[in-house]
>>> print(open('structure29.pdb').read())   # PDB, C-alpha atoms
MODEL        1
ATOM      1  CA  MET A  93     -25.054  16.760  93.337
ATOM      2  CA  SER A  94     -26.628  14.282  95.824
ATOM      3  CA  GLU A  95     -24.573  12.010  98.066
ATOM      4  CA  GLU A  96     -25.942   8.957  96.230
ATOM      5  CA  ALA A  97     -24.936  10.406  92.849
ATOM      6  CA  ASN A  98     -21.442  11.088  94.181
ATOM      7  CA  ARG A  99     -21.138   7.498  95.362
ATOM      8  CA  ARG A 100     -22.226   6.192  91.952
ATOM      9  CA  LEU A 101     -19.792   8.433  90.125
ATOM     10  CA  GLY A 102     -17.095   7.391  92.544
ATOM     11  CA  ARG A 103     -17.685   3.729  91.743
ATOM     12  CA  GLY A 104     -17.531   4.541  88.033
ATOM     13  CA  LEU A 105     -14.220   6.375  88.306
ATOM     14  CA  SER A 106     -12.807   3.748  90.663
ATOM     15  CA  ALA A 107     -13.631   0.973  88.205
ATOM     16  CA  LEU A 108     -12.069   2.872  85.315
ATOM     17  CA  LEU A 109      -8.871   3.633  87.217
ATOM     18  CA  GLY A 110      -8.597   0.224  88.843
ATOM     19  CA  GLN A 111      -8.449   1.467  92.437
ATOM     20  CA  GLU A 112     -10.572   1.090  95.541
ATOM     21  CA  SER A 113     -11.092   4.789  96.190
ATOM     22  CA  ALA A 114     -12.547   7.340  93.763
ATOM     23  CA  ASP A 115     -10.519  10.128  95.387
ATOM     24  CA  TYR A 116      -8.687  11.611  92.423
ATOM     25  CA  ALA A 117      -5.978  12.898  94.759
ATOM     26  CA  SER A 118      -4.964   9.274  95.343
ATOM     27  CA  LEU A 119      -4.088   8.630  91.710
ATOM     28  CA  ASP A 120      -0.432   8.601  92.687
ATOM     29  CA  ARG A 121      -1.127   5.226  94.334
ATOM     30  CA  VAL A 122      -1.755   3.792  90.860
ATOM     31  CA  ARG A 123       1.631   4.966  89.690
ATOM     32  CA  THR A 124       3.948   7.391  91.463
ATOM     33  CA  SER A 125       3.554  10.905  90.131
ATOM     34  CA  LYS A 126       6.504  12.677  88.588
ATOM     35  CA  MET A 127       7.295  16.258  87.631
ATOM     36  CA  VAL A 128       7.574  17.032  83.928
ATOM     37  CA  PRO A 129       8.107  20.302  82.030
ATOM     38  CA  ILE A 130       4.758  21.956  81.399
ATOM     39  CA  GLU A 131       5.484  22.242  77.668
ATOM     40  CA  TYR A 132       5.656  18.423  77.417
ATOM     41  CA  LEU A 133       1.870  18.288  77.872
ATOM     42  CA  GLN A 134      -0.785  18.925  75.263
ATOM     43  CA  PRO A 135      -4.618  18.909  75.381
ATOM     44  CA  GLY A 136      -6.262  15.518  75.072
ATOM     45  CA  SER A 137      -7.791  14.418  71.798
ATOM     46  CA  VAL A 138     -10.687  12.841  73.730
ATOM     47  CA  GLN A 139     -11.348  15.753  76.096
ATOM     48  CA  PRO A 140     -15.138  16.223  76.251
ATOM     49  CA  ARG A 141     -14.881  19.724  77.663
ATOM     50  CA  ARG A 142     -14.618  22.548  75.098
ATOM     51  CA  HIS A 143     -15.205  25.676  77.181
ATOM     52  CA  PHE A 144     -12.944  26.927  79.971
ATOM     53  CA  GLY A 145     -14.201  30.089  81.677
ATOM     54  CA  ASP A 146     -11.653  32.873  82.002
ATOM     55  CA  ALA A 147     -12.683  33.815  85.553
ATOM     56  CA  GLU A 148     -12.625  30.158  86.594
ATOM     57  CA  LEU A 149      -9.107  29.665  85.203
ATOM     58  CA  GLU A 150      -7.820  32.855  86.853
ATOM     59  CA  SER A 151      -9.207  31.794  90.222
ATOM     60  CA  LEU A 152      -7.542  28.389  89.914
ATOM     61  CA  ALA A 153      -4.279  30.037  88.804
ATOM     62  CA  GLU A 154      -4.293  32.150  91.980
ATOM     63  CA  SER A 155      -4.747  28.995  94.054
ATOM     64  CA  ILE A 156      -1.909  27.271  92.196
ATOM     65  CA  ARG A 157       0.406  30.248  92.761
ATOM     66  CA  ALA A 158      -0.281  29.989  96.484
ATOM     67  CA  ASN A 159      -0.436  26.224  96.976
ATOM     68  CA  GLY A 160       0.850  24.537  93.822
ATOM     69  CA  ILE A 161      -1.015  21.739  92.016
ATOM     70  CA  LEU A 162      -2.414  19.460  94.716
ATOM     71  CA  GLN A 163      -3.754  16.774  92.370
ATOM     72  CA  PRO A 164      -1.475  15.384  89.646
ATOM     73  CA  ILE A 165      -2.599  15.537  86.032
ATOM     74  CA  LEU A 166      -3.467  12.182  84.478
ATOM     75  CA  VAL A 167      -1.683  11.717  81.136
ATOM     76  CA  ARG A 168      -0.803   9.080  78.575
ATOM     77  CA  ARG A 169       2.258   8.965  76.366
ATOM     78  CA  ARG A 170       1.940  10.079  72.787
ATOM     79  CA  PRO A 171       2.933   7.399  70.261
ATOM     80  CA  ASN A 172       6.501   7.739  68.948
ATOM     81  CA  SER A 173       7.179  10.659  71.264
ATOM     82  CA  PRO A 174       8.750   9.598  74.582
ATOM     83  CA  TYR A 175       8.871  13.136  76.002
ATOM     84  CA  SER A 176       5.374  14.231  75.020
ATOM     85  CA  TYR A 177       2.176  13.499  76.905
ATOM     86  CA  GLU A 178      -1.529  13.847  76.143
ATOM     87  CA  ILE A 179      -3.744  15.030  78.992
ATOM     88  CA  VAL A 180      -6.509  12.609  79.936
ATOM     89  CA  ALA A 181      -7.814  14.380  83.050
ATOM     90  CA  GLY A 182      -6.694  17.725  84.404
ATOM     91  CA  GLU A 183      -6.557  20.050  81.382
ATOM     92  CA  ARG A 184      -8.078  22.861  83.451
ATOM     93  CA  ARG A 185      -5.234  22.559  85.973
ATOM     94  CA  TRP A 186      -2.692  22.550  83.143
ATOM     95  CA  ARG A 187      -4.167  25.709  81.619
ATOM     96  CA  ALA A 188      -4.246  27.438  85.011
ATOM     97  CA  ALA A 189      -0.655  26.336  85.702
ATOM     98  CA  GLN A 190       0.421  28.104  82.522
ATOM     99  CA  ARG A 191      -1.232  31.285  83.781
ATOM    100  CA  ALA A 192       0.554  30.822  87.097
ATOM    101  CA  LYS A 193       3.823  30.564  85.090
ATOM    102  CA  LEU A 194       4.781  27.136  86.453
ATOM    103  CA  HIS A 195       7.639  25.432  84.636
ATOM    104  CA  GLU A 196       6.844  21.902  85.810
ATOM    105  CA  VAL A 197       3.638  20.072  86.760
ATOM    106  CA  PRO A 198       3.014  16.739  88.540
ATOM    107  CA  VAL A 199       1.642  13.988  86.336
ATOM    108  CA  VAL A 200       0.549  10.378  86.637
ATOM    109  CA  ILE A 201       1.264   8.366  83.478
ATOM    110  CA  ARG A 202      -1.146   5.637  82.412
ATOM    111  CA  GLU A 203      -1.228   3.427  79.334
ATOM    112  CA  LEU A 204      -4.778   3.974  78.099
ATOM    113  CA  GLU A 205      -6.727   3.208  74.957
ATOM    114  CA  ASP A 206      -8.932   5.937  73.439
ATOM    115  CA  ARG A 207     -12.068   4.432  74.938
ATOM    116  CA  GLU A 208     -10.605   4.280  78.452
ATOM    117  CA  ALA A 209      -9.224   7.805  78.126
ATOM    118  CA  LEU A 210     -12.585   9.213  77.033
ATOM    119  CA  GLU A 211     -14.454   7.419  79.818
ATOM    120  CA  ILE A 212     -12.040   8.687  82.477
ATOM    121  CA  ALA A 213     -12.075  12.244  81.103
ATOM    122  CA  LEU A 214     -15.886  12.206  80.995
ATOM    123  CA  VAL A 215     -16.308  10.872  84.528
ATOM    124  CA  GLU A 216     -13.640  13.217  85.925
ATOM    125  CA  ASN A 217     -15.489  16.210  84.515
ATOM    126  CA  LEU A 218     -18.924  14.921  85.554
ATOM    127  CA  GLN A 219     -17.652  14.414  89.092
ATOM    128  CA  ARG A 220     -16.636  18.056  89.239
ATOM    129  CA  GLU A 221     -19.762  19.225  87.354
ATOM    130  CA  ASN A 222     -17.515  20.974  84.837
ATOM    131  CA  LEU A 223     -19.346  19.944  81.669
ATOM    132  CA  SER A 224     -22.213  21.715  79.947
ATOM    133  CA  PRO A 225     -25.181  19.454  79.083
ATOM    134  CA  ILE A 226     -24.131  19.470  75.416
ATOM    135  CA  GLU A 227     -20.503  18.569  76.221
ATOM    136  CA  GLU A 228     -21.810  15.704  78.357
ATOM    137  CA  ALA A 229     -24.134  14.556  75.568
ATOM    138  CA  GLU A 230     -21.322  14.706  72.996
ATOM    139  CA  GLY A 231     -19.139  12.574  75.265
ATOM    140  CA  TYR A 232     -21.886   9.952  75.552
ATOM    141  CA  ARG A 233     -22.453  10.030  71.804
ATOM    142  CA  ARG A 234     -18.757   9.401  71.096
ATOM    143  CA  LEU A 235     -18.610   6.484  73.509
ATOM    144  CA  MET A 236     -21.646   4.936  71.822
ATOM    145  CA  GLU A 237     -20.730   5.598  68.188
ATOM    146  CA  GLU A 238     -16.939   5.165  68.237
ATOM    147  CA  PHE A 239     -16.671   2.415  70.849
ATOM    148  CA  LYS A 240     -20.044   0.658  70.424
ATOM    149  CA  ASN A 241     -21.287   1.175  73.982
ATOM    150  CA  THR A 242     -24.955   0.541  74.654
ATOM    151  CA  GLN A 243     -26.801   3.020  76.846
ATOM    152  CA  GLU A 244     -26.848   0.460  79.657
ATOM    153  CA  GLU A 245     -23.082  -0.134  79.447
ATOM    154  CA  LEU A 246     -22.390   3.571  79.221
ATOM    155  CA  ALA A 247     -24.572   4.355  82.242
ATOM    156  CA  GLU A 248     -22.719   1.746  84.289
ATOM    157  CA  HIS A 249     -19.290   3.057  83.259
ATOM    158  CA  VAL A 250     -19.989   6.693  84.100
ATOM    159  CA  GLY A 251     -22.089   6.070  87.199
ATOM    160  CA  LYS A 252     -25.334   7.515  85.828
ATOM    161  CA  SER A 253     -28.787   6.027  85.297
ATOM    162  CA  ARG A 254     -29.748   4.829  81.835
ATOM    163  CA  SER A 255     -32.618   7.323  81.740
ATOM    164  CA  HIS A 256     -30.200  10.186  82.500
ATOM    165  CA  VAL A 257     -27.942   9.099  79.643
ATOM    166  CA  ALA A 258     -30.929   8.774  77.267
ATOM    167  CA  ASN A 259     -32.377  12.176  78.219
ATOM    168  CA  THR A 260     -28.983  13.855  77.882
ATOM    169  CA  LEU A 261     -28.420  12.355  74.428
ATOM    170  CA  ARG A 262     -31.809  13.697  73.302
ATOM    171  CA  LEU A 263     -30.500  17.261  73.774
ATOM    172  CA  LEU A 264     -28.342  16.783  70.659
ATOM    173  CA  GLY A 265     -31.583  16.924  68.640
ATOM    174  CA  LEU A 266     -32.143  20.583  69.548
ATOM    175  CA  PRO A 267     -31.429  23.349  66.992
ATOM    176  CA  GLU A 268     -27.817  24.540  66.910
ATOM    177  CA  GLU A 269     -28.617  27.953  68.403
ATOM    178  CA  ILE A 270     -30.299  26.358  71.427
ATOM    179  CA  ARG A 271     -27.338  23.998  71.882
ATOM    180  CA  GLY A 272     -25.153  27.100  71.964
ATOM    181  CA  MET A 273     -27.328  28.552  74.757
ATOM    182  CA  LEU A 274     -26.791  25.328  76.731
ATOM    183  CA  ASP A 275     -23.032  25.465  76.128
ATOM    184  CA  ARG A 276     -22.892  29.078  77.357
ATOM    185  CA  GLY A 277     -24.916  28.263  80.468
ATOM    186  CA  GLU A 278     -27.870  30.447  79.428
ATOM    187  CA  LEU A 279     -30.164  27.407  79.606
ATOM    188  CA  SER A 280     -29.999  24.336  81.828
ATOM    189  CA  ALA A 281     -30.809  20.786  80.788
ATOM    190  CA  GLY A 282     -34.076  21.151  82.716
ATOM    191  CA  HIS A 283     -34.993  24.171  80.582
ATOM    192  CA  ALA A 284     -34.024  22.398  77.373
ATOM    193  CA  ARG A 285     -35.972  19.160  77.762
ATOM    194  CA  PRO A 286     -39.447  20.744  77.270
ATOM    195  CA  LEU A 287     -38.101  22.451  74.137
ATOM    196  CA  LEU A 288     -37.571  19.095  72.415
ATOM    197  CA  THR A 289     -41.279  18.846  71.565
ATOM    198  CA  ALA A 290     -42.172  22.557  71.399
ATOM    199  CA  PRO A 291     -43.523  23.791  68.016
ATOM    200  CA  ASP A 292     -41.186  26.823  67.869
ATOM    201  CA  ALA A 293     -38.368  25.796  70.178
ATOM    202  CA  LEU A 294     -35.984  28.651  69.316
ATOM    203  CA  ALA A 295     -38.544  31.404  69.955
ATOM    204  CA  LEU A 296     -39.448  29.751  73.248
ATOM    205  CA  ALA A 297     -35.778  29.428  74.245
ATOM    206  CA  LYS A 298     -35.167  33.130  73.588
ATOM    207  CA  ARG A 299     -38.185  34.010  75.710
ATOM    208  CA  ILE A 300     -36.915  31.810  78.564
ATOM    209  CA  VAL A 301     -33.546  33.585  78.524
ATOM    210  CA  ALA A 302     -35.026  37.081  78.134
ATOM    211  CA  GLU A 303     -37.529  36.642  80.977
ATOM    212  CA  GLY A 304     -35.313  34.510  83.221
ATOM    213  CA  LEU A 305     -37.958  31.790  83.504
ATOM    214  CA  SER A 306     -37.519  28.900  85.917
ATOM    215  CA  VAL A 307     -37.660  25.266  84.809
ATOM    216  CA  ARG A 308     -41.209  24.948  86.180
ATOM    217  CA  GLU A 309     -42.333  28.065  84.346
ATOM    218  CA  THR A 310     -40.708  26.739  81.171
ATOM    219  CA  GLU A 311     -42.555  23.426  81.475
ATOM    220  CA  ARG A 312     -45.903  25.209  81.948
ATOM    221  CA  LEU A 313     -45.197  27.542  79.016
ATOM    222  CA  ALA A 314     -44.237  24.645  76.726
ATOM    223  CA  LEU A 315     -47.453  22.814  77.623
ATOM    224  CA  ALA A 316     -49.524  25.935  76.930
ATOM    225  CA  VAL A 317     -47.890  26.385  73.527
ATOM    226  CA  LYS A 318     -48.567  22.763  72.581
ATOM    227  CA  ALA A 319     -52.222  22.754  73.775
ATOM    228  CA  PRO A 320     -54.517  22.801  70.710
ATOM    229  CA  LYS A 321     -56.989  25.651  70.447
ATOM    230  CA  PRO A 322     -60.593  24.529  70.980
ATOM    231  CA  GLU A 323     -62.555  24.311  67.774
ATOM    232  CA  ARG A 324     -65.175  27.011  67.362
ATOM    233  CA  LYS A 325     -68.553  25.376  66.962
ATOM    234  CA  THR A 326     -70.744  26.922  64.295
ATOM    235  CA  LYS A 327     -74.498  26.597  64.257
ATOM    236  CA  PRO A 328     -75.763  24.656  61.264
ATOM    237  CA  PRO A 329     -77.860  26.767  58.896
ATOM    238  CA  ALA A 330     -81.590  26.538  59.391
ATOM    239  CA  PRO A 331     -83.344  24.442  56.767
ATOM    240  CA  ARG A 332     -84.819  26.538  53.908
ATOM    241  CA  ASP A 333     -88.500  26.101  53.202
ATOM    242  CA  ALA A 334     -90.202  26.191  49.792
ATOM    243  CA  ASP A 335     -91.917  29.536  50.459
ATOM    244  CA  THR A 336     -88.602  31.296  51.165
ATOM    245  CA  ILE A 337     -87.062  29.852  48.011
ATOM    246  CA  ALA A 338     -90.073  30.947  45.922
ATOM    247  CA  LEU A 339     -89.951  34.456  47.391
ATOM    248  CA  GLU A 340     -86.220  34.730  46.532
ATOM    249  CA  ARG A 341     -86.990  33.731  42.936
ATOM    250  CA  ASP A 342     -89.863  36.237  42.578
ATOM    251  CA  LEU A 343     -87.791  39.130  43.979
ATOM    252  CA  SER A 344     -84.862  38.245  41.747
ATOM    253  CA  ASN A 345     -87.101  38.301  38.684
ATOM    254  CA  LEU A 346     -88.689  41.580  39.768
ATOM    255  CA  LEU A 347     -85.428  43.401  40.453
ATOM    256  CA  GLY A 348     -83.259  41.715  37.864
ATOM    257  CA  LEU A 349     -80.653  41.025  40.567
ATOM    258  CA  LYS A 350     -79.782  38.011  42.704
ATOM    259  CA  VAL A 351     -81.702  38.071  45.981
ATOM    260  CA  SER A 352     -81.135  35.850  49.036
ATOM    261  CA  ILE A 353     -83.192  35.589  52.196
ATOM    262  CA  ALA A 354     -81.898  34.261  55.538
ATOM    263  CA  PHE A 355     -84.662  33.420  58.001
ATOM    264  CA  ASP A 356     -83.896  32.360  61.598
ATOM    265  CA  GLY A 357     -87.421  31.563  62.724
ATOM    266  CA  THR A 358     -88.454  34.988  63.991
ATOM    267  CA  GLY A 359     -86.748  37.359  61.555
ATOM    268  CA  GLY A 360     -83.939  37.452  59.075
ATOM    269  CA  THR A 361     -82.024  39.399  56.466
ATOM    270  CA  LEU A 362     -82.644  40.248  52.823
ATOM    271  CA  ALA A 363     -79.497  40.521  50.650
ATOM    272  CA  ILE A 364     -79.448  41.926  47.113
ATOM    273  CA  LYS A 365     -76.283  41.333  45.089
ATOM    274  CA  TYR A 366     -75.244  43.884  42.473
ATOM    275  CA  ALA A 367     -72.279  43.851  40.092
ATOM    276  CA  SER A 368     -71.743  47.588  39.497
ATOM    277  CA  LEU A 369     -72.638  51.004  40.807
ATOM    278  CA  GLU A 370     -74.886  51.463  37.773
ATOM    279  CA  GLN A 371     -76.968  48.472  38.850
ATOM    280  CA  LEU A 372     -77.186  49.814  42.400
ATOM    281  CA  ASP A 373     -78.227  53.267  41.141
ATOM    282  CA  ALA A 374     -80.939  51.758  38.899
ATOM    283  CA  LEU A 375     -82.242  49.727  41.847
ATOM    284  CA  LEU A 376     -82.434  52.792  44.084
ATOM    285  CA  GLN A 377     -84.310  54.745  41.419
ATOM    286  CA  ARG A 378     -86.868  51.932  41.061
ATOM    287  CA  LEU A 379     -87.347  51.722  44.808
ATOM    288  CA  THR A 380     -87.655  55.513  45.075
ATOM    289  CA  LYS A 381     -90.345  55.638  42.359
ATOM    290  CA  SER A 382     -92.209  52.794  43.988
ATOM    291  CA  ALA A 383     -92.186  54.622  47.328
ATOM    292  CA  ALA A 384     -93.279  58.044  45.868
ATOM    293  CA  PRO A 385     -96.912  59.033  46.778
ATOM    294  CA  LYS A 386     -99.426  58.948  43.903
ATOM    295  CA  SER A 387    -101.079  62.276  42.859
ATOM    296  CA  ASP A 388    -104.912  62.722  42.904
ATOM    297  CA  ASP A 389    -104.945  63.711  39.175
TER     298      ASP A 389
ENDMDL
END
>>> encode(input="structure29.pdb", output="structure tokens")
Amino acid sequence: MSEEANRRLGRGLSALLGQESADYASLDRVRTSKMVPIEYLQPGSVQPRRHFGDAELESLAESIRANGILQPILVRRRPNSPYSYEIVAGERRWRAAQRAKLHEVPVVIRELEDREALEIALVENLQRENLSPIEEAEGYRRLMEEFKNTQEELAEHVGKSRSHVANTLRLLGLPEEIRGMLDRGELSAGHARPLLTAPDALALAKRIVAEGLSVRETERLALAVKAPKPERKTKPPAPRDADTIALERDLSNLLGLKVSIAFDGTGGTLAIKYASLEQLDALLQRLTKSAAPKSDD
């Protein structure tokens, strides 16, 4: 991620959390962190991330065993349950802490509405590049549909450009199997965008994965698939003159079969149409008799 993109995301997270710095480690300046039993926490209902890699979690668990949780988990209280908290940001740390067999975890408690919680969870994951393109698109869709954000408002809140938000949302129009490839990391958003207008997107996606094509190669392939085939130009038939038509009629009457003549100016073809082998045999006999030499008697 570029330095400029990081600054924009930082401003988005800072605005959402109401603090001057976007450093997530400084959340305890919003409200002092406290230790709570790990079983008091549960996954967030607005968490945009659905997939947590096993190797990634195990690596984080090893770090937590050695150093503890360095950044507190952001939570909000569950209604009518004073000792239960819903995770807003930090579910990956919570899952890894369970693997590390921690009994308590540090948390920062905020009073947040669903919209604020979703925005913070989305930005926190985007800042760490933890979301798949489809998870990111689903998060944007929820913010727009459930909380009536426009694309412009949404882009400002999450620190992204409006065009990025629009292009990411378009990925939700891909077939389900291709969305699954994006979720599993088999395709990137750059691979997926050319598929949106491809005639057979799924077949093309499978080829991209099988051949390990780059984004550039995918774009060229998608353009080649969409390019229309040039129309084959056929020469117009030569005009038929009255003599040719008369000759066809005379031969047809003579042979008792339909005759057609194609003349191209210097030569041509003579076609005789027959309906059965008997007709063909009779024609051959007539031609053979006509070609037989006459005797002197």
>>> resolve_selection(input="structure29.pdb", expression="the PyMOL selection byres ((chain A and resi 317) around 12)", output="ChimeraX atom specification")
/A:286-287,289-293,295-296,310-316,318-321
>>> resolve_selection(input="structure29.pdb", expression="the PyMOL selection byres ((chain A and resi 131) around 9)", output="list in words")
Val128, Pro129, Ile130, Tyr132, Leu133, Gln134, Ser176, His195 and Glu196 of chain A
>>> write_last_selection(input="structure29.pdb", atoms="C-alpha atoms", output="tab-separated table (two decimals), in the frame of the given file")
chain	number	residue	atom	x	y	z
A	128	VAL	CA	7.57	17.03	83.93
A	129	PRO	CA	8.11	20.30	82.03
A	130	ILE	CA	4.76	21.96	81.40
A	132	TYR	CA	5.66	18.42	77.42
A	133	LEU	CA	1.87	18.29	77.87
A	134	GLN	CA	-0.78	18.92	75.26
A	176	SER	CA	5.37	14.23	75.02
A	195	HIS	CA	7.64	25.43	84.64
A	196	GLU	CA	6.84	21.90	85.81
>>> atom_distance(input="structure29.pdb", atom1="atom CA of A:Met273", atom2="atom CA of A:Arg254")
24.9 Å
>>> residues_around(input="structure29.pdb", residues="A:Arg285", least_positions_apart="3", cutoff="12 Å", atoms="only C-alpha atoms", output="PDB file with C-alpha atoms, keeping the file's coordinate frame")
ATOM      1  CA  PRO A 225     -25.181  19.454  79.083  1.00  0.00           C
ATOM      2  CA  HIS A 256     -30.200  10.186  82.500  1.00  0.00           C
ATOM      3  CA  ALA A 258     -30.929   8.774  77.267  1.00  0.00           C
ATOM      4  CA  ASN A 259     -32.377  12.176  78.219  1.00  0.00           C
ATOM      5  CA  THR A 260     -28.983  13.855  77.882  1.00  0.00           C
ATOM      6  CA  LEU A 261     -28.420  12.355  74.428  1.00  0.00           C
ATOM      7  CA  ARG A 262     -31.809  13.697  73.302  1.00  0.00           C
ATOM      8  CA  LEU A 263     -30.500  17.261  73.774  1.00  0.00           C
ATOM      9  CA  LEU A 264     -28.342  16.783  70.659  1.00  0.00           C
ATOM     10  CA  GLY A 265     -31.583  16.924  68.640  1.00  0.00           C
ATOM     11  CA  LEU A 266     -32.143  20.583  69.548  1.00  0.00           C
ATOM     12  CA  ILE A 270     -30.299  26.358  71.427  1.00  0.00           C
ATOM     13  CA  ARG A 271     -27.338  23.998  71.882  1.00  0.00           C
ATOM     14  CA  LEU A 274     -26.791  25.328  76.731  1.00  0.00           C
ATOM     15  CA  LEU A 279     -30.164  27.407  79.606  1.00  0.00           C
ATOM     16  CA  SER A 280     -29.999  24.336  81.828  1.00  0.00           C
ATOM     17  CA  ALA A 281     -30.809  20.786  80.788  1.00  0.00           C
ATOM     18  CA  GLY A 282     -34.076  21.151  82.716  1.00  0.00           C
ATOM     19  CA  LEU A 288     -37.571  19.095  72.415  1.00  0.00           C
ATOM     20  CA  THR A 289     -41.279  18.846  71.565  1.00  0.00           C
ATOM     21  CA  ALA A 290     -42.172  22.557  71.399  1.00  0.00           C
ATOM     22  CA  ALA A 293     -38.368  25.796  70.178  1.00  0.00           C
ATOM     23  CA  ALA A 297     -35.778  29.428  74.245  1.00  0.00           C
ATOM     24  CA  VAL A 307     -37.660  25.266  84.809  1.00  0.00           C
ATOM     25  CA  ARG A 308     -41.209  24.948  86.180  1.00  0.00           C
ATOM     26  CA  THR A 310     -40.708  26.739  81.171  1.00  0.00           C
ATOM     27  CA  GLU A 311     -42.555  23.426  81.475  1.00  0.00           C
ATOM     28  CA  ALA A 314     -44.237  24.645  76.726  1.00  0.00           C
TER      29      ALA A 314
END
>>> atom_distance(input="structure29.pdb", atom1="atom CA of A:Pro164", atom2="atom CA of A:Val200")
6.2 Å
>>> atom_distance(input="structure29.pdb", atom1="atom CA of A:Ala192", atom2="atom CA of A:Glu154")
7.0 Å
>>> resolve_selection(input="structure29.pdb", expression="the PyMOL selection byres ((chain A and resi 228) around 9)", output="PyMOL selection string")
chain A and resi 140-141+214+217-218+223-227+229-233+260-261
>>> closest_residue(input="structure29.pdb", among="A:Arg168, A:Lys126, A:Tyr175, A:Arg276", to="A:Val199", atoms="only C-alpha atoms")
A:Lys126
>>> closest_residue(input="structure29.pdb", among="A:Tyr177, A:Ala189, A:Glu183, A:Gly145", to="A:Ile161", atoms="only C-alpha atoms")
A:Ala189
>>> residues_around(input="structure29.pdb", residues="A:Arg170", least_positions_apart="3", cutoff="12 Å", atoms="only C-alpha atoms", output="list in words")
Tyr132, Leu133, Gln134, Pro135, Gly136, Ser137, Val167, Ser173, Pro174, Tyr175, Ser176, Tyr177, Glu178, Ile179, Val180, Ile201, Arg202, Glu203, Leu204, Glu205 and Asp206 of chain A
>>> residues_around(input="structure29.pdb", residues="A:Leu235", least_positions_apart="4", cutoff="9 Å", atoms="all atoms listed in the file", output="PDB file with C-alpha atoms, in the frame of the given file")
ATOM      1  CA  ARG A 207     -12.068   4.432  74.938  1.00  0.00           C
ATOM      2  CA  LEU A 210     -12.585   9.213  77.033  1.00  0.00           C
ATOM      3  CA  GLU A 211     -14.454   7.419  79.818  1.00  0.00           C
ATOM      4  CA  GLU A 230     -21.322  14.706  72.996  1.00  0.00           C
ATOM      5  CA  GLY A 231     -19.139  12.574  75.265  1.00  0.00           C
ATOM      6  CA  PHE A 239     -16.671   2.415  70.849  1.00  0.00           C
ATOM      7  CA  LYS A 240     -20.044   0.658  70.424  1.00  0.00           C
ATOM      8  CA  ASN A 241     -21.287   1.175  73.982  1.00  0.00           C
ATOM      9  CA  THR A 242     -24.955   0.541  74.654  1.00  0.00           C
ATOM     10  CA  LEU A 246     -22.390   3.571  79.221  1.00  0.00           C
TER      11      LEU A 246
END
>>> closest_residue(input="structure29.pdb", among="A:Gly359, A:Gly272, A:Pro171, A:Gly182", to="A:Leu294", atoms="only C-alpha atoms")
A:Gly272
>>> closest_residue(input="structure29.pdb", among="A:Ser255, A:Gln139, A:Ser151, A:Gln163", to="A:Ser125", atoms="only C-alpha atoms")
A:Gln163
>>> residues_around(input="structure29.pdb", residues="A:Gly348", least_positions_apart="6", cutoff="12 Å", atoms="only C-alpha atoms", output="PyMOL selection string")
chain A and resi 340-342+364-367+371-372+374-375+378
>>> build_atoms(input="structure29.pdb", residues="stretch 123-134 of chain A", atoms="N, CA and C atoms", output="short mmCIF file (atom, residue, chain, number, x, y, z; two decimals), in the coordinates of the input")
data_model
loop_
_atom_site.label_atom_id
_atom_site.label_comp_id
_atom_site.auth_asym_id
_atom_site.auth_seq_id
_atom_site.Cartn_x
_atom_site.Cartn_y
_atom_site.Cartn_z
N ARG A 123 0.25 4.89 90.14
CA ARG A 123 1.63 4.97 89.69
C ARG A 123 2.20 6.27 90.24
N THR A 124 3.37 6.22 90.81
CA THR A 124 3.95 7.39 91.46
C THR A 124 3.99 8.57 90.50
N SER A 125 3.54 9.73 90.99
CA SER A 125 3.55 10.90 90.13
C SER A 125 4.99 11.39 89.95
N LYS A 126 5.19 12.10 88.87
CA LYS A 126 6.50 12.68 88.59
C LYS A 126 6.31 14.08 88.03
N MET A 127 7.34 14.90 88.16
CA MET A 127 7.30 16.26 87.63
C MET A 127 7.84 16.25 86.21
N VAL A 128 7.11 16.92 85.31
CA VAL A 128 7.57 17.03 83.93
C VAL A 128 7.43 18.48 83.50
N PRO A 129 8.25 18.94 82.54
CA PRO A 129 8.11 20.30 82.03
C PRO A 129 6.70 20.53 81.49
N ILE A 130 6.14 21.68 81.77
CA ILE A 130 4.76 21.96 81.40
C ILE A 130 4.56 21.91 79.89
N GLU A 131 5.62 22.24 79.12
CA GLU A 131 5.48 22.24 77.67
C GLU A 131 5.46 20.83 77.09
N TYR A 132 5.73 19.80 77.90
CA TYR A 132 5.66 18.42 77.42
C TYR A 132 4.20 17.95 77.28
N LEU A 133 3.28 18.70 77.88
CA LEU A 133 1.87 18.29 77.87
C LEU A 133 1.10 19.01 76.77
N GLN A 134 0.11 18.32 76.25
CA GLN A 134 -0.78 18.92 75.26
C GLN A 134 -2.22 18.48 75.55
#
